[in-house]
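What follows is my_file11.pdb (PDB, C-alpha atoms).
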ATOM      1  CA  MET Z   1      -5.471   9.415   5.597
ATOM      2  CA  ASP Z   2      -7.304   6.448   7.046
ATOM      3  CA  LYS Z   3      -6.822   5.269  10.622
ATOM      4  CA  PHE Z   4      -8.213   1.777   9.983
ATOM      5  CA  ASN Z   5      -4.741   0.252   9.832
ATOM      6  CA  ASN Z   6      -3.722   1.468  13.302
ATOM      7  CA  SER Z   7      -5.368  -1.391  15.191
ATOM      8  CA  ASP Z   8      -2.714  -3.646  16.696
ATOM      9  CA  GLU Z   9      -5.368  -6.264  17.452
ATOM     10  CA  LEU Z  10      -6.418  -6.362  13.808
ATOM     11  CA  ILE Z  11      -2.817  -6.824  12.719
ATOM     12  CA  LYS Z  12      -2.304  -9.667  15.223
ATOM     13  CA  VAL Z  13      -5.412 -11.447  13.947
ATOM     14  CA  LEU Z  14      -4.332 -11.014  10.330
ATOM     15  CA  VAL Z  15      -0.806 -12.261  11.097
ATOM     16  CA  ASN Z  16      -2.325 -15.381  12.689
ATOM     17  CA  ILE Z  17      -4.565 -15.941   9.662
ATOM     18  CA  VAL Z  18      -1.667 -15.423   7.248
ATOM     19  CA  THR Z  19       0.724 -17.737   9.103
ATOM     20  CA  SER Z  20      -1.879 -20.501   9.277
ATOM     21  CA  GLU Z  21      -2.798 -20.280   5.572
ATOM     22  CA  LEU Z  22       0.484 -19.296   3.911
ATOM     23  CA  GLY Z  23       1.647 -22.903   3.638
ATOM     24  CA  GLN Z  24      -1.479 -23.835   1.645
ATOM     25  CA  GLY Z  25      -0.172 -22.321  -1.582
ATOM     26  CA  LYS Z  26      -2.022 -19.007  -1.242
ATOM     27  CA  THR Z  27      -0.351 -15.643  -1.695
ATOM     28  CA  LEU Z  28      -0.311 -13.059   1.071
ATOM     29  CA  GLU Z  29      -2.568 -10.806  -0.972
ATOM     30  CA  ARG Z  30      -5.154 -13.536  -1.545
ATOM     31  CA  ILE Z  31      -5.209 -14.431   2.144
ATOM     32  CA  LEU Z  32      -5.720 -10.788   3.105
ATOM     33  CA  ASN Z  33      -8.474 -10.401   0.499
ATOM     34  CA  GLU Z  34     -10.301 -13.456   1.790
ATOM     35  CA  SER Z  35     -10.010 -12.233   5.378
ATOM     36  CA  GLY Z  36     -12.759  -9.654   4.823
ATOM     37  CA  MET Z  37     -11.081  -6.525   3.506
ATOM     38  CA  ALA Z  38     -13.806  -5.578   1.015
ATOM     39  CA  GLY Z  39     -14.829  -1.948   1.198
ATOM     40  CA  VAL Z  40     -11.513  -0.940   2.757
ATOM     41  CA  SER Z  41      -9.670   1.896   1.008
ATOM     42  CA  ILE Z  42      -6.558   1.254  -1.061
ATOM     43  CA  TYR Z  43      -4.476   3.210   1.434
ATOM     44  CA  SER Z  44      -5.647   1.024   4.319
ATOM     45  CA  ARG Z  45      -5.074  -2.185   2.359
ATOM     46  CA  VAL Z  46      -1.522  -1.110   1.534
ATOM     47  CA  GLU Z  47      -0.721  -0.117   5.115
ATOM     48  CA  ILE Z  48      -2.289  -3.241   6.613
ATOM     49  CA  ARG Z  49      -0.232  -5.368   4.210
ATOM     50  CA  ALA Z  50       2.905  -3.440   5.217
ATOM     51  CA  ARG Z  51       2.258  -3.987   8.926
ATOM     52  CA  VAL Z  52       1.528  -7.682   8.426
ATOM     53  CA  LEU Z  53       4.757  -8.082   6.436
ATOM     54  CA  TYR Z  54       6.680  -6.280   9.177
ATOM     55  CA  GLN Z  55       5.196  -8.572  11.842
ATOM     56  CA  LEU Z  56       6.117 -11.585   9.715
ATOM     57  CA  GLY Z  57       9.757 -10.501   9.813
ATOM     58  CA  GLU Z  58      10.127  -8.620   6.521
ATOM     59  CA  LYS Z  59      12.196  -5.646   7.627
ATOM     60  CA  GLY Z  60      12.485  -3.724   4.350
ATOM     61  CA  THR Z  61      15.106  -1.091   3.617
ATOM     62  CA  SER Z  62      17.206  -0.060   6.612
ATOM     63  CA  SER Z  63      16.683   3.434   8.029
ATOM     64  CA  GLU Z  64      20.208   4.431   7.035
ATOM     65  CA  GLN Z  65      19.635   3.484   3.395
ATOM     66  CA  LEU Z  66      16.025   4.630   3.125
ATOM     67  CA  THR Z  67      16.741   8.233   2.083
ATOM     68  CA  ALA Z  68      19.068   7.152  -0.730
ATOM     69  CA  ALA Z  69      16.659   4.417  -1.832
ATOM     70  CA  LEU Z  70      13.716   6.858  -1.911
ATOM     71  CA  ALA Z  71      15.799   9.397  -3.849
ATOM     72  CA  GLY Z  72      16.568   6.680  -6.407
ATOM     73  CA  PHE Z  73      12.901   5.730  -6.628
ATOM     74  CA  ILE Z  74      11.929   9.380  -7.153
ATOM     75  CA  ALA Z  75      14.588   9.800  -9.851
ATOM     76  CA  ALA Z  76      13.040   6.905 -11.777
ATOM     77  CA  TYR Z  77       9.401   7.813 -11.015
ATOM     78  CA  PRO Z  78       8.925  11.518 -10.204
ATOM     79  CA  VAL Z  79       5.163  10.981  -9.762
ATOM     80  CA  PHE Z  80       3.871   7.847  -8.062
ATOM     81  CA  ARG Z  81       0.908   6.325  -6.310
ATOM     82  CA  TRP Z  82       1.295   5.519  -2.609
ATOM     83  CA  SER Z  83       0.535   1.868  -3.414
ATOM     84  CA  GLU Z  84       3.432   1.773  -5.901
ATOM     85  CA  LEU Z  85       5.818   3.168  -3.331
ATOM     86  CA  ARG Z  86       4.595   0.675  -0.734
ATOM     87  CA  TYR Z  87       5.072  -2.174  -3.200
ATOM     88  CA  ARG Z  88       8.760  -1.249  -3.383
ATOM     89  CA  PHE Z  89       9.149  -0.259   0.301
ATOM     90  CA  ASN Z  90       6.712  -2.831   1.580
ATOM     91  CA  SER Z  91       7.389  -2.963   5.300
ATOM     92  CA  ASN Z  92       9.132   0.288   6.167
ATOM     93  CA  ILE Z  93       7.506   2.581   8.697
ATOM     94  CA  GLU Z  94       4.990   4.880   7.028
ATOM     95  CA  HIS Z  95       5.871   8.015   9.006
ATOM     96  CA  GLU Z  96       9.565   7.572   8.282
ATOM     97  CA  ILE Z  97       8.860   7.409   4.539
ATOM     98  CA  GLU Z  98       6.568  10.436   4.659
ATOM     99  CA  ALA Z  99       9.129  12.509   6.585
ATOM    100  CA  ILE Z 100      11.793  11.800   3.962
ATOM    101  CA  LEU Z 101       9.393  12.621   1.118
ATOM    102  CA  HIS Z 102       8.542  15.953   2.746
ATOM    103  CA  ARG Z 103      12.255  16.750   3.118
ATOM    104  CA  LEU Z 104      12.621  16.006  -0.595
ATOM    105  CA  LYS Z 105       9.906  18.646  -1.238
ATOM    106  CA  TYR Z 106       7.201  16.143  -2.147
ATOM    107  CA  THR Z 107       3.550  16.356  -1.199
ATOM    108  CA  SER Z 108       0.599  14.021  -1.471
ATOM    109  CA  ARG Z 109      -2.778  14.690  -2.974
ATOM    110  CA  TYR Z 110      -5.790  12.459  -3.260
ATOM    111  CA  LEU Z 111      -6.835  11.882  -6.858
ATOM    112  CA  GLU Z 112     -10.373  10.623  -7.246
ATOM    113  CA  GLN Z 113      -9.637   8.881 -10.567
ATOM    114  CA  GLU Z 114      -6.789   6.936  -8.927
ATOM    115  CA  GLN Z 115      -8.795   6.262  -5.742
ATOM    116  CA  GLU Z 116      -5.668   6.842  -3.678
ATOM    117  CA  TYR Z 117      -2.967   9.280  -2.668
ATOM    118  CA  VAL Z 118      -0.424  10.317  -5.265
ATOM    119  CA  TRP Z 119       2.947  11.889  -4.461
ATOM    120  CA  ALA Z 120       4.617  14.503  -6.633
ATOM    121  CA  PRO Z 121       6.874  17.559  -6.275
ATOM    122  CA  LYS Z 122       5.104  20.317  -4.323
ATOM    123  CA  ARG Z 123       5.000  22.780  -7.208
ATOM    124  CA  MET Z 124       3.757  20.340  -9.846
ATOM    125  CA  TRP Z 125       0.249  21.032 -11.089
ATOM    126  CA  THR Z 126      -2.400  18.368 -10.635
ATOM    127  CA  ALA Z 127      -3.018  18.204 -14.399
ATOM    128  CA  THR Z 128       0.665  17.371 -14.923
ATOM    129  CA  VAL Z 129       0.501  14.709 -12.194
ATOM    130  CA  LYS Z 130      -2.453  13.069 -13.931
ATOM    131  CA  LYS Z 131      -0.597  13.077 -17.281
ATOM    132  CA  TYR Z 132       2.448  11.390 -15.720
ATOM    133  CA  LEU Z 133       0.289   8.630 -14.270
ATOM    134  CA  GLN Z 134      -1.699   8.109 -17.478
ATOM    135  CA  GLN Z 135       1.496   7.663 -19.504
ATOM    136  CA  ARG Z 136       2.711   4.593 -17.635
ATOM    137  CA  VAL Z 137       1.559   1.276 -16.253
ATOM    138  CA  PRO Z 138       1.275   1.002 -12.446
ATOM    139  CA  LEU Z 139       4.417  -0.375 -10.788
ATOM    140  CA  GLY Z 140       4.126  -3.764  -9.162
ATOM    141  CA  ASP Z 141       3.035  -7.330  -9.540
ATOM    142  CA  PRO Z 142      -0.413  -7.976 -11.100
ATOM    143  CA  ALA Z 143      -1.386 -10.059  -8.034
ATOM    144  CA  TYR Z 144      -0.667  -7.042  -5.845
ATOM    145  CA  PHE Z 145      -2.988  -4.839  -7.888
ATOM    146  CA  ASP Z 146      -5.675  -7.527  -7.914
ATOM    147  CA  PHE Z 147      -5.455  -7.343  -4.121
ATOM    148  CA  LEU Z 148      -5.863  -3.570  -4.195
ATOM    149  CA  TYR Z 149      -8.621  -3.157  -6.778
ATOM    150  CA  LYS Z 150     -10.645  -6.359  -7.030
ATOM    151  CA  GLN Z 151     -13.200  -7.368  -4.466
ATOM    152  CA  PRO Z 152     -12.975 -11.003  -3.351
ATOM    153  CA  GLU Z 153     -15.665 -13.414  -4.520
ATOM    154  CA  TYR Z 154     -16.143 -14.716  -1.004
ATOM    155  CA  ASN Z 155     -16.188 -12.098   1.686
ATOM    156  CA  LEU Z 156     -16.886 -12.948   5.299
ATOM    157  CA  LEU Z 157     -18.105  -9.433   6.181
ATOM    158  CA  ASP Z 158     -20.589  -9.291   3.287
ATOM    159  CA  ASN Z 159     -22.010 -12.660   4.300
ATOM    160  CA  LEU Z 160     -22.439 -11.481   7.896
ATOM    161  CA  ARG Z 161     -24.227  -8.310   6.712
ATOM    162  CA  LYS Z 162     -26.701 -10.354   4.662
ATOM    163  CA  GLN Z 163     -27.777 -12.445   7.656
TER     164      GLN Z 163
END

Once you've parsed the file, please lay out its structure as structure tokens.
Amino acid sequence: MDKFNNSDELIKVLVNIVTSELGQGKTLERILNESGMAGVSIYSRVEIRARVLYQLGEKGTSSEQLTAALAGFIAAYPVFRWSELRYRFNSNIEHEIEAILHRLKYTSRYLEQEQEYVWAPKRMWTATVKKYLQQRVPLGDPAYFDFLYKQPEYNLLDNLRKQ
């Protein structure tokens, strides 16, 4: 998985940008998109958003309740995209979530058609995983998925590359 989201300096800069622009009627996702995240993988976008939310004070599900909450999520959605899980558990620590999923006998696999990691039971075939995902709409707010899949019209990094 990507290591782009591990930069504490990047997160600090993004938190400063978000706090200065959040009062202007923009959503968090729009602010992050306009901050130059084009070309960044879905996984990195999701994890950067989670770290920014955590720094802004959104604490998410408590560690004591996380296992039960994940078990409930899995009962409702046995196959899910990492971005869908992070929409529901938006600021919990990534490694904590992964450890619980592994204990629940889940594994991740990267699906090219989804452009991101998908989690499913270890023994489930990839063809079955794809069928599960094709049979339902992605979980989350449309603005969240615009943030993940659409490139911003104005991108600072693209403009710097053109100069």

Do you know which residues are at most 10 Å from stretch 94-108 of chain Z counting all atoms listed in the file, after dropping those on the same chain fewer than 6 positions away, and could you put them as a ChimeraX atom specification? /Z:47,50-51,63,66-68,70-71,74,78-82,85-86,116-124

Grab the atom CA of Z:Leu53 to atom CA of Z:Asp8 distance for me, in Å with one decimal place. 13.4 Å

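Here atom CA of Z:Lys150 is placed at a distance of 12.8 Å from atom CA of Z:Gln115.
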
Can you tell me which residues surround Z:Arg49 at a distance of at most 8 Å, considering only C-alpha atoms, apart from same-chain residues fewer than 5 positions away, and format the answer as a PyMOL selection string? chain Z and resi 29+32+90

What gap, in Å, lies between atom CA of Z:Asp141 and atom CA of Z:Trp125?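 According to the coordinates, atom CA of Z:Asp141 and atom CA of Z:Trp125 are separated by 28.5 Å.
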
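For the choices Z:Leu133, Z:Leu139, Z:Ala75, Z:Leu22, the atom-to-atom distance to Z:Arg88 is smallest for Z:Leu139 when using only C-alpha atoms.
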
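Here, the PyMOL selection byres ((chain Z and resi 11) around 10) matches Z:Asn5, Z:Asn6, Z:Ser7, Z:Asp8, Z:Glu9, Z:Leu10, Z:Lys12, Z:Val13, Z:Leu14, Z:Val15, Z:Asn16, Z:Ile17, Z:Ile48, Z:Arg49, Z:Arg51, Z:Val52, Z:Leu53, Z:Gln55.
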
Using the chain letters and numbering of this document, enumerate as a count of residues only the residues selected by the PyMOL selection byres ((chain Z and resi 130) around 10). 15

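Of the residues listed (Z:Gln24, Z:Tyr144, Z:Ser35, Z:Thr19), Z:Thr19 shows the shortest atom-to-atom separation from Z:Gly57; distances use only C-alpha atoms.
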
For the structure provided, state which residues fall under the PyMOL selection byres ((chain Z and resi 147) around 12), and present them as a ChimeraX atom specification. /Z:27-38,40-46,48-49,83,87,140-146,148-153

Those same residues - C-alpha atoms - I'd like them written as a short mmCIF file (atom, residue, chain, number, x, y, z; two decimals), in the coordinates of the input.
data_model
loop_
_atom_site.label_atom_id
_atom_site.label_comp_id
_atom_site.auth_asym_id
_atom_site.auth_seq_id
_atom_site.Cartn_x
_atom_site.Cartn_y
_atom_site.Cartn_z
CA THR Z 27 -0.35 -15.64 -1.70
CA LEU Z 28 -0.31 -13.06 1.07
CA GLU Z 29 -2.57 -10.81 -0.97
CA ARG Z 30 -5.15 -13.54 -1.54
CA ILE Z 31 -5.21 -14.43 2.14
CA LEU Z 32 -5.72 -10.79 3.10
CA ASN Z 33 -8.47 -10.40 0.50
CA GLU Z 34 -10.30 -13.46 1.79
CA SER Z 35 -10.01 -12.23 5.38
CA GLY Z 36 -12.76 -9.65 4.82
CA MET Z 37 -11.08 -6.52 3.51
CA ALA Z 38 -13.81 -5.58 1.01
CA VAL Z 40 -11.51 -0.94 2.76
CA SER Z 41 -9.67 1.90 1.01
CA ILE Z 42 -6.56 1.25 -1.06
CA TYR Z 43 -4.48 3.21 1.43
CA SER Z 44 -5.65 1.02 4.32
CA ARG Z 45 -5.07 -2.18 2.36
CA VAL Z 46 -1.52 -1.11 1.53
CA ILE Z 48 -2.29 -3.24 6.61
CA ARG Z 49 -0.23 -5.37 4.21
CA SER Z 83 0.54 1.87 -3.41
CA TYR Z 87 5.07 -2.17 -3.20
CA GLY Z 140 4.13 -3.76 -9.16
CA ASP Z 141 3.04 -7.33 -9.54
CA PRO Z 142 -0.41 -7.98 -11.10
CA ALA Z 143 -1.39 -10.06 -8.03
CA TYR Z 144 -0.67 -7.04 -5.84
CA PHE Z 145 -2.99 -4.84 -7.89
CA ASP Z 146 -5.68 -7.53 -7.91
CA LEU Z 148 -5.86 -3.57 -4.20
CA TYR Z 149 -8.62 -3.16 -6.78
CA LYS Z 150 -10.64 -6.36 -7.03
CA GLN Z 151 -13.20 -7.37 -4.47
CA PRO Z 152 -12.98 -11.00 -3.35
CA GLU Z 153 -15.66 -13.41 -4.52
#
